file structure_27.cif (mmCIF, C-alpha atoms)
data_start
loop_
_atom_site.group_PDB
_atom_site.id
_atom_site.type_symbol
_atom_site.label_atom_id
_atom_site.label_comp_id
_atom_site.auth_asym_id
_atom_site.auth_seq_id
_atom_site.Cartn_x
_atom_site.Cartn_y
_atom_site.Cartn_z
ATOM 1 C CA MET A 27 0.000 0.000 0.000
ATOM 2 C CA GLU A 28 1.488 3.321 -1.074
ATOM 3 C CA ILE A 29 0.505 6.786 0.101
ATOM 4 C CA LYS A 30 0.940 10.192 -1.481
ATOM 5 C CA ILE A 31 0.263 13.321 0.581
ATOM 6 C CA LEU A 32 -1.937 15.678 -1.441
ATOM 7 C CA ASN A 33 -2.494 18.359 1.176
ATOM 8 C CA GLU A 34 -1.227 19.072 4.688
ATOM 9 C CA LYS A 35 -2.837 21.712 6.886
ATOM 10 C CA ASP A 36 -1.745 22.711 10.372
ATOM 11 C CA ALA A 37 -4.640 23.382 12.781
ATOM 12 C CA GLU A 38 -2.839 24.951 15.748
ATOM 13 C CA LEU A 39 -5.943 25.631 17.836
ATOM 14 C CA LEU A 40 -6.947 21.963 17.692
ATOM 15 C CA ASN A 41 -3.363 20.694 18.204
ATOM 16 C CA ARG A 42 -3.421 18.599 15.048
ATOM 17 C CA LYS A 43 -2.426 18.360 11.409
ATOM 18 C CA GLU A 44 -5.044 17.576 8.792
ATOM 19 C CA TYR A 45 -3.958 15.458 5.831
ATOM 20 C CA LYS A 46 -5.521 14.610 2.488
ATOM 21 C CA ILE A 47 -3.794 11.511 1.194
ATOM 22 C CA GLN A 48 -4.082 9.463 -1.972
ATOM 23 C CA LEU A 49 -3.834 5.769 -1.169
ATOM 24 C CA ASP A 50 -2.866 3.229 -3.863
ATOM 25 C CA TYR A 51 -3.811 -0.343 -2.942
ATOM 26 C CA ASN A 52 -3.272 -2.098 -6.301
ATOM 27 C CA LYS A 53 -6.881 -2.976 -7.169
ATOM 28 C CA ALA A 54 -7.348 -5.127 -4.065
ATOM 29 C CA ALA A 55 -10.243 -4.695 -1.657
ATOM 30 C CA THR A 56 -10.570 -1.296 -0.036
ATOM 31 C CA PRO A 57 -8.417 -1.392 3.110
ATOM 32 C CA SER A 58 -10.039 -1.082 6.518
ATOM 33 C CA ASN A 59 -9.678 1.968 8.753
ATOM 34 C CA ASP A 60 -7.216 0.077 10.953
ATOM 35 C CA ASN A 61 -4.958 -0.849 8.015
ATOM 36 C CA VAL A 62 -5.026 2.716 6.688
ATOM 37 C CA LYS A 63 -4.290 4.055 10.178
ATOM 38 C CA LYS A 64 -1.251 1.745 10.555
ATOM 39 C CA THR A 65 0.090 2.673 7.122
ATOM 40 C CA ILE A 66 -0.249 6.406 7.761
ATOM 41 C CA ALA A 67 1.359 6.150 11.205
ATOM 42 C CA GLU A 68 4.331 4.225 9.764
ATOM 43 C CA ASN A 69 4.876 6.629 6.864
ATOM 44 C CA LEU A 70 4.499 9.797 8.939
ATOM 45 C CA LYS A 71 6.500 8.271 11.825
ATOM 46 C CA VAL A 72 3.921 9.116 14.502
ATOM 47 C CA ASN A 73 2.281 7.141 17.286
ATOM 48 C CA LEU A 74 -0.639 4.981 16.146
ATOM 49 C CA ASP A 75 -2.854 6.311 18.955
ATOM 50 C CA LEU A 76 -2.615 9.885 17.630
ATOM 51 C CA VAL A 77 -4.042 9.140 14.147
ATOM 52 C CA LYS A 78 -7.768 9.448 13.369
ATOM 53 C CA VAL A 79 -9.049 8.377 9.928
ATOM 54 C CA LYS A 80 -12.107 10.481 9.094
ATOM 55 C CA GLN A 81 -12.961 9.380 5.532
ATOM 56 C CA ILE A 82 -11.952 6.859 2.906
ATOM 57 C CA ASN A 83 -13.389 7.831 -0.486
ATOM 58 C CA GLN A 84 -12.751 5.361 -3.273
ATOM 59 C CA SER A 85 -13.800 5.064 -6.897
ATOM 60 C CA PHE A 86 -15.022 1.742 -8.218
ATOM 61 C CA GLY A 87 -12.424 -0.436 -9.932
ATOM 62 C CA ILE A 88 -9.465 1.952 -9.818
ATOM 63 C CA GLY A 89 -7.572 0.720 -6.769
ATOM 64 C CA LYS A 90 -7.034 4.203 -5.398
ATOM 65 C CA ALA A 91 -8.735 6.046 -2.561
ATOM 66 C CA ASN A 92 -8.621 9.534 -1.111
ATOM 67 C CA VAL A 93 -8.243 9.575 2.660
ATOM 68 C CA VAL A 94 -8.865 12.415 5.104
ATOM 69 C CA CYS A 95 -7.108 11.934 8.427
ATOM 70 C CA TYR A 96 -6.030 13.911 11.472
ATOM 71 C CA VAL A 97 -2.744 13.505 13.350
ATOM 72 C CA TYR A 98 -2.829 14.987 16.854
ATOM 73 C CA ASN A 99 0.150 16.413 18.735
ATOM 74 C CA ASN A 100 -0.684 14.664 22.024
ATOM 75 C CA ILE A 101 -3.112 12.132 23.467
ATOM 76 C CA GLU A 102 -4.962 14.733 25.567
ATOM 77 C CA SER A 103 -5.993 16.657 22.445
ATOM 78 C CA TYR A 104 -7.063 13.424 20.758
ATOM 79 C CA LYS A 105 -9.302 12.499 23.681
ATOM 80 C CA LYS A 106 -10.728 16.006 23.926
ATOM 81 C CA PHE A 107 -11.794 16.281 20.281
ATOM 82 C CA GLU A 108 -12.381 12.699 19.092
ATOM 83 C CA GLU A 109 -13.855 10.715 21.964
ATOM 84 C CA ILE A 110 -17.597 11.034 22.441
ATOM 85 C CA LYS A 111 -18.631 11.727 26.001
ATOM 86 C CA LYS A 112 -21.983 10.204 26.854
ATOM 87 C CA LYS A 113 -24.208 11.454 29.610
ATOM 88 C CA VAL A 114 -25.602 8.920 32.036
ATOM 89 C CA LYS A 115 -29.341 8.643 31.597
ATOM 90 C CA VAL A 116 -31.490 8.355 34.680
ATOM 91 C CA LYS A 117 -34.798 6.571 34.257
ATOM 92 C CA LYS A 118 -37.896 8.567 35.092
ATOM 93 C CA GLU A 119 -38.993 6.144 37.813
ATOM 94 C CA GLU A 120 -35.654 6.357 39.607
ATOM 95 C CA ALA A 121 -35.670 10.151 39.316
ATOM 96 C CA LYS A 122 -39.142 10.352 40.888
ATOM 97 C CA LYS A 123 -38.093 8.120 43.784
ATOM 98 C CA GLU A 124 -35.061 10.311 44.461
ATOM 99 C CA GLU A 125 -37.213 13.470 44.394
ATOM 100 C CA LYS A 126 -39.651 12.039 46.967
ATOM 101 C CA LYS A 127 -36.847 11.309 49.424
#

call {"tool": "encode", "arguments": {"input": "structure_27.cif", "output": "structure tokens"}}
result
Amino acid sequence: MEIKILNEKDAELLNRKEYKIQLDYNKAATPSNDNVKKTIAENLKVNLDLVKVKQINQSFGIGKANVVCYVYNNIESYKKFEEIKKKVKVKKEEAKKEEKK
């Protein structure tokens, strides 16, 4: 799998670099996000945990894909912007019981 960097943009406020990459995978099946992530991390010489693959856009039958990915400067920034924080839902019945107490 070969990569060619089409565009590199530095987003200082988000502590990351945004890449648009052309990926050549020799007419095999479209690679998974994990395989693309490993390839990008190896070629850019960054930690695997700091890479986030946002999109893989491929055309039928060509064996090439355009990839949009983000490479963060540190793990704290990655967690802040990429991990989804879910709120704990409280059931209505439990909430009513707590209000009565």

call {"tool": "closest_residue", "arguments": {"input": "structure_27.cif", "among": "A:Glu38, A:Glu102, A:Gly89, A:Asn59", "to": "Leu76 in chain A", "atoms": "all atoms listed in the file"}}
result
A:Glu102

call {"tool": "resolve_selection", "arguments": {"input": "structure_27.cif", "expression": "the PyMOL selection byres ((chain A and resi 63-68) around 9)", "output": "PDB file with C-alpha atoms, in the coordinates of the input"}}
result
ATOM      1  CA  MET A  27       0.000   0.000   0.000  1.00  0.00           C
ATOM      2  CA  GLU A  28       1.488   3.321  -1.074  1.00  0.00           C
ATOM      3  CA  ILE A  29       0.505   6.786   0.101  1.00  0.00           C
ATOM      4  CA  SER A  58     -10.039  -1.082   6.518  1.00  0.00           C
ATOM      5  CA  ASN A  59      -9.678   1.968   8.753  1.00  0.00           C
ATOM      6  CA  ASP A  60      -7.216   0.077  10.953  1.00  0.00           C
ATOM      7  CA  ASN A  61      -4.958  -0.849   8.015  1.00  0.00           C
ATOM      8  CA  VAL A  62      -5.026   2.716   6.688  1.00  0.00           C
ATOM      9  CA  ASN A  69       4.876   6.629   6.864  1.00  0.00           C
ATOM     10  CA  LEU A  70       4.499   9.797   8.939  1.00  0.00           C
ATOM     11  CA  LYS A  71       6.500   8.271  11.825  1.00  0.00           C
ATOM     12  CA  VAL A  72       3.921   9.116  14.502  1.00  0.00           C
ATOM     13  CA  ASN A  73       2.281   7.141  17.286  1.00  0.00           C
ATOM     14  CA  LEU A  74      -0.639   4.981  16.146  1.00  0.00           C
ATOM     15  CA  ASP A  75      -2.854   6.311  18.955  1.00  0.00           C
ATOM     16  CA  LEU A  76      -2.615   9.885  17.630  1.00  0.00           C
ATOM     17  CA  VAL A  77      -4.042   9.140  14.147  1.00  0.00           C
ATOM     18  CA  LYS A  78      -7.768   9.448  13.369  1.00  0.00           C
ATOM     19  CA  VAL A  79      -9.049   8.377   9.928  1.00  0.00           C
ATOM     20  CA  CYS A  95      -7.108  11.934   8.427  1.00  0.00           C
ATOM     21  CA  VAL A  97      -2.744  13.505  13.350  1.00  0.00           C
TER      22      VAL A  97
END

call {"tool": "resolve_selection", "arguments": {"input": "structure_27.cif", "expression": "the PyMOL selection byres ((chain A and resi 42) around 8)", "output": "list in words"}}
result
Asp36, Ala37, Glu38, Leu39, Leu40, Asn41, Lys43, Glu44, Tyr96, Val97, Tyr98 and Asn99 of chain A

call {"tool": "closest_residue", "arguments": {"input": "structure_27.cif", "among": "A:Ile47, A:Ile110, A:Ile101, A:Ala54", "to": "Lys35 in chain A", "atoms": "all atoms listed in the file"}}
result
A:Ile47

call {"tool": "residues_around", "arguments": {"input": "structure_27.cif", "residues": "Gln81 in chain A", "least_positions_apart": "6", "cutoff": "8 Å", "atoms": "only C-alpha atoms", "output": "list in words"}}
result
Asn92, Val93, Val94 and Cys95 of chain A

call {"tool": "closest_residue", "arguments": {"input": "structure_27.cif", "among": "A:Lys113, A:Lys90, A:Lys105, A:Lys80", "to": "Asn52 in chain A", "atoms": "only C-alpha atoms"}}
result
A:Lys90

call {"tool": "closest_residue", "arguments": {"input": "structure_27.cif", "among": "A:Gln84, A:Lys118, A:Tyr104, A:Asn33", "to": "Pro57 in chain A", "atoms": "all atoms listed in the file"}}
result
A:Gln84

call {"tool": "atom_distance", "arguments": {"input": "structure_27.cif", "atom1": "CA of Lys30 in chain A", "atom2": "CA of Glu108 in chain A"}}
result
24.6 Å

call {"tool": "atom_distance", "arguments": {"input": "structure_27.cif", "atom1": "CA of Lys112 in chain A", "atom2": "CA of Asn83 in chain A"}}
result
28.8 Å

call {"tool": "residues_near_point", "arguments": {"input": "structure_27.cif", "point": "(-1.5, 12.9, -4.5)", "cutoff": "6 Å", "atoms": "only C-alpha atoms", "output": "PyMOL selection string"}}
result
chain A and resi 30-32+48

call {"tool": "atom_distance", "arguments": {"input": "structure_27.cif", "atom1": "CA of Thr56 in chain A", "atom2": "CA of Ile82 in chain A"}}
result
8.8 Å

call {"tool": "decode", "arguments": {"input": "structure_27.cif", "residues": "range 42-56 of chain A", "atoms": "N, CA and C atoms", "output": "PDB file, in the first residue's frame"}}
result
ATOM      1  N   ARG A  42      -3.488  19.710  15.981  1.00  0.00           N
ATOM      2  CA  ARG A  42      -3.421  18.599  15.048  1.00  0.00           C
ATOM      3  C   ARG A  42      -3.013  19.088  13.658  1.00  0.00           C
ATOM      4  N   LYS A  43      -2.666  18.116  12.820  1.00  0.00           N
ATOM      5  CA  LYS A  43      -2.426  18.360  11.409  1.00  0.00           C
ATOM      6  C   LYS A  43      -3.471  17.571  10.632  1.00  0.00           C
ATOM      7  N   GLU A  44      -4.018  18.203   9.609  1.00  0.00           N
ATOM      8  CA  GLU A  44      -5.044  17.576   8.792  1.00  0.00           C
ATOM      9  C   GLU A  44      -4.421  17.209   7.444  1.00  0.00           C
ATOM     10  N   TYR A  45      -4.564  15.952   7.059  1.00  0.00           N
ATOM     11  CA  TYR A  45      -3.958  15.458   5.831  1.00  0.00           C
ATOM     12  C   TYR A  45      -5.026  14.980   4.862  1.00  0.00           C
ATOM     13  N   LYS A  46      -4.777  15.241   3.567  1.00  0.00           N
ATOM     14  CA  LYS A  46      -5.521  14.610   2.488  1.00  0.00           C
ATOM     15  C   LYS A  46      -4.503  13.760   1.749  1.00  0.00           C
ATOM     16  N   ILE A  47      -4.772  12.471   1.696  1.00  0.00           N
ATOM     17  CA  ILE A  47      -3.794  11.511   1.194  1.00  0.00           C
ATOM     18  C   ILE A  47      -4.436  10.683   0.089  1.00  0.00           C
ATOM     19  N   GLN A  48      -3.636  10.399  -0.951  1.00  0.00           N
ATOM     20  CA  GLN A  48      -4.082   9.463  -1.972  1.00  0.00           C
ATOM     21  C   GLN A  48      -3.447   8.114  -1.659  1.00  0.00           C
ATOM     22  N   LEU A  49      -4.272   7.100  -1.561  1.00  0.00           N
ATOM     23  CA  LEU A  49      -3.834   5.769  -1.169  1.00  0.00           C
ATOM     24  C   LEU A  49      -3.952   4.840  -2.373  1.00  0.00           C
ATOM     25  N   ASP A  50      -2.866   4.168  -2.740  1.00  0.00           N
ATOM     26  CA  ASP A  50      -2.866   3.229  -3.863  1.00  0.00           C
ATOM     27  C   ASP A  50      -2.763   1.821  -3.284  1.00  0.00           C
ATOM     28  N   TYR A  51      -3.802   1.008  -3.511  1.00  0.00           N
ATOM     29  CA  TYR A  51      -3.811  -0.343  -2.942  1.00  0.00           C
ATOM     30  C   TYR A  51      -3.910  -1.422  -4.008  1.00  0.00           C
ATOM     31  N   ASN A  52      -3.457  -1.119  -5.221  1.00  0.00           N
ATOM     32  CA  ASN A  52      -3.272  -2.098  -6.301  1.00  0.00           C
ATOM     33  C   ASN A  52      -4.498  -2.948  -6.612  1.00  0.00           C
ATOM     34  N   LYS A  53      -5.629  -2.331  -6.754  1.00  0.00           N
ATOM     35  CA  LYS A  53      -6.881  -2.976  -7.169  1.00  0.00           C
ATOM     36  C   LYS A  53      -7.314  -4.130  -6.263  1.00  0.00           C
ATOM     37  N   ALA A  54      -6.874  -4.144  -5.046  1.00  0.00           N
ATOM     38  CA  ALA A  54      -7.348  -5.127  -4.065  1.00  0.00           C
ATOM     39  C   ALA A  54      -8.589  -4.539  -3.402  1.00  0.00           C
ATOM     40  N   ALA A  55      -9.091  -5.212  -2.400  1.00  0.00           N
ATOM     41  CA  ALA A  55     -10.243  -4.695  -1.657  1.00  0.00           C
ATOM     42  C   ALA A  55      -9.852  -3.410  -0.940  1.00  0.00           C
ATOM     43  N   THR A  56     -10.829  -2.548  -0.744  1.00  0.00           N
ATOM     44  CA  THR A  56     -10.570  -1.296  -0.036  1.00  0.00           C
ATOM     45  C   THR A  56     -10.081  -1.621   1.374  1.00  0.00           C
TER      46      THR A  56
END
